[in-house]
Amino acid sequence: MSSDASIRMFGADWCRDCIRTKKHLDELGIDYEYVDLVADPAAADVAKEISGRTSIPVVVYPDSSHHVEPSNADVEAKLRELSLI
């Protein structure tokens, strides 16, 4: 996948759902930008602007849609919809 159609995931290393989602994207071989909210606390405001919530992870897709705290099945379904897997 080219970086101009990149997926962004906002998360933190202490967040179980973030760890699970990151692992799932890695297992699927998906290229994505990981935005570490511990290393870049200001990015939490960006994630909140996107989702309207403070929950993480926030996964932003190339079509500008997003998921908040998605299940692995939700992520996989969206990636299939976008023909990324």
# chains A, B, ... in the order shown; residues from 1 in each chain; ligands from 1

$ select_by_dssp --residues "chain A" --states "strand (DSSP E or B)" --output "PyMOL selection string"
chain A and resi 7-11+32-36+58-60+66-68

$ write_last_selection --atoms "N, CA, C and O atoms" --output "PDB file, in the first residue's frame"
ATOM      1  N   ILE A   7      -3.122   4.481   6.380  1.00  0.00           N
ATOM      2  CA  ILE A   7      -3.976   4.309   7.556  1.00  0.00           C
ATOM      3  C   ILE A   7      -3.209   4.891   8.728  1.00  0.00           C
ATOM      4  O   ILE A   7      -1.995   4.708   8.834  1.00  0.00           O
ATOM      5  N   ARG A   8      -3.905   5.607   9.584  1.00  0.00           N
ATOM      6  CA  ARG A   8      -3.281   6.124  10.804  1.00  0.00           C
ATOM      7  C   ARG A   8      -3.988   5.512  11.996  1.00  0.00           C
ATOM      8  O   ARG A   8      -5.212   5.425  12.026  1.00  0.00           O
ATOM      9  N   MET A   9      -3.195   5.107  12.979  1.00  0.00           N
ATOM     10  CA  MET A   9      -3.749   4.576  14.213  1.00  0.00           C
ATOM     11  C   MET A   9      -3.198   5.382  15.370  1.00  0.00           C
ATOM     12  O   MET A   9      -1.989   5.482  15.550  1.00  0.00           O
ATOM     13  N   PHE A  10      -4.105   5.996  16.125  1.00  0.00           N
ATOM     14  CA  PHE A  10      -3.726   6.729  17.334  1.00  0.00           C
ATOM     15  C   PHE A  10      -3.869   5.767  18.500  1.00  0.00           C
ATOM     16  O   PHE A  10      -4.935   5.155  18.682  1.00  0.00           O
ATOM     17  N   GLY A  11      -2.799   5.618  19.293  1.00  0.00           N
ATOM     18  CA  GLY A  11      -2.863   4.683  20.402  1.00  0.00           C
ATOM     19  C   GLY A  11      -1.788   4.952  21.437  1.00  0.00           C
ATOM     20  O   GLY A  11      -1.040   5.918  21.349  1.00  0.00           O
ATOM     21  N   TYR A  32       0.785   1.122   8.003  1.00  0.00           N
ATOM     22  CA  TYR A  32       0.029   2.180   8.702  1.00  0.00           C
ATOM     23  C   TYR A  32       0.988   3.054   9.480  1.00  0.00           C
ATOM     24  O   TYR A  32       2.107   2.668   9.784  1.00  0.00           O
ATOM     25  N   GLU A  33       0.508   4.251   9.785  1.00  0.00           N
ATOM     26  CA  GLU A  33       1.273   5.181  10.618  1.00  0.00           C
ATOM     27  C   GLU A  33       0.743   5.043  12.037  1.00  0.00           C
ATOM     28  O   GLU A  33      -0.462   5.197  12.279  1.00  0.00           O
ATOM     29  N   TYR A  34       1.629   4.744  12.966  1.00  0.00           N
ATOM     30  CA  TYR A  34       1.232   4.641  14.374  1.00  0.00           C
ATOM     31  C   TYR A  34       1.549   5.959  15.059  1.00  0.00           C
ATOM     32  O   TYR A  34       2.689   6.421  15.026  1.00  0.00           O
ATOM     33  N   VAL A  35       0.544   6.582  15.635  1.00  0.00           N
ATOM     34  CA  VAL A  35       0.728   7.839  16.355  1.00  0.00           C
ATOM     35  C   VAL A  35       0.678   7.510  17.842  1.00  0.00           C
ATOM     36  O   VAL A  35      -0.378   7.169  18.387  1.00  0.00           O
ATOM     37  N   ASP A  36       1.839   7.573  18.486  1.00  0.00           N
ATOM     38  CA  ASP A  36       1.984   7.213  19.898  1.00  0.00           C
ATOM     39  C   ASP A  36       1.584   8.406  20.761  1.00  0.00           C
ATOM     40  O   ASP A  36       2.282   9.421  20.796  1.00  0.00           O
ATOM     41  N   VAL A  58      -7.932   4.993  17.874  1.00  0.00           N
ATOM     42  CA  VAL A  58      -8.693   5.578  16.770  1.00  0.00           C
ATOM     43  C   VAL A  58      -7.938   5.183  15.501  1.00  0.00           C
ATOM     44  O   VAL A  58      -6.759   5.473  15.372  1.00  0.00           O
ATOM     45  N   VAL A  59      -8.633   4.487  14.622  1.00  0.00           N
ATOM     46  CA  VAL A  59      -8.041   4.053  13.358  1.00  0.00           C
ATOM     47  C   VAL A  59      -8.698   4.866  12.241  1.00  0.00           C
ATOM     48  O   VAL A  59      -9.920   4.849  12.106  1.00  0.00           O
ATOM     49  N   VAL A  60      -7.875   5.604  11.486  1.00  0.00           N
ATOM     50  CA  VAL A  60      -8.367   6.444  10.400  1.00  0.00           C
ATOM     51  C   VAL A  60      -7.973   5.788   9.074  1.00  0.00           C
ATOM     52  O   VAL A  60      -6.809   5.449   8.872  1.00  0.00           O
ATOM     53  N   HIS A  66     -13.413   6.410  10.104  1.00  0.00           N
ATOM     54  CA  HIS A  66     -12.603   5.981  11.241  1.00  0.00           C
ATOM     55  C   HIS A  66     -13.376   5.007  12.123  1.00  0.00           C
ATOM     56  O   HIS A  66     -14.614   4.932  12.043  1.00  0.00           O
ATOM     57  N   HIS A  67     -12.632   4.293  12.934  1.00  0.00           N
ATOM     58  CA  HIS A  67     -13.189   3.440  13.979  1.00  0.00           C
ATOM     59  C   HIS A  67     -12.596   3.885  15.310  1.00  0.00           C
ATOM     60  O   HIS A  67     -11.435   4.287  15.370  1.00  0.00           O
ATOM     61  N   VAL A  68     -13.387   3.771  16.364  1.00  0.00           N
ATOM     62  CA  VAL A  68     -12.907   3.996  17.722  1.00  0.00           C
ATOM     63  C   VAL A  68     -13.073   2.680  18.465  1.00  0.00           C
ATOM     64  O   VAL A  68     -14.160   2.095  18.461  1.00  0.00           O
TER      65      VAL A  68
END

$ closest_residue --among "A:Ala42, A:Leu37, A:Leu28, A:Ala47" --to "Leu79 (chain A)" --atoms "only C-alpha atoms"
A:Leu28

$ closest_residue --among "A:Asp74, A:Ala44, A:Asp31, A:Glu69" --to "Arg16 (chain A)" --atoms "only C-alpha atoms"
A:Glu69

$ atom_distance --atom1 "CA of Ile19 (chain A)" --atom2 "CA of Asp63 (chain A)"
23.4 Å

$ select_by_dssp --residues "chain A" --states "alpha helix (DSSP H)" --output "ChimeraX atom specification"
/A:16-28,43-51,72-81
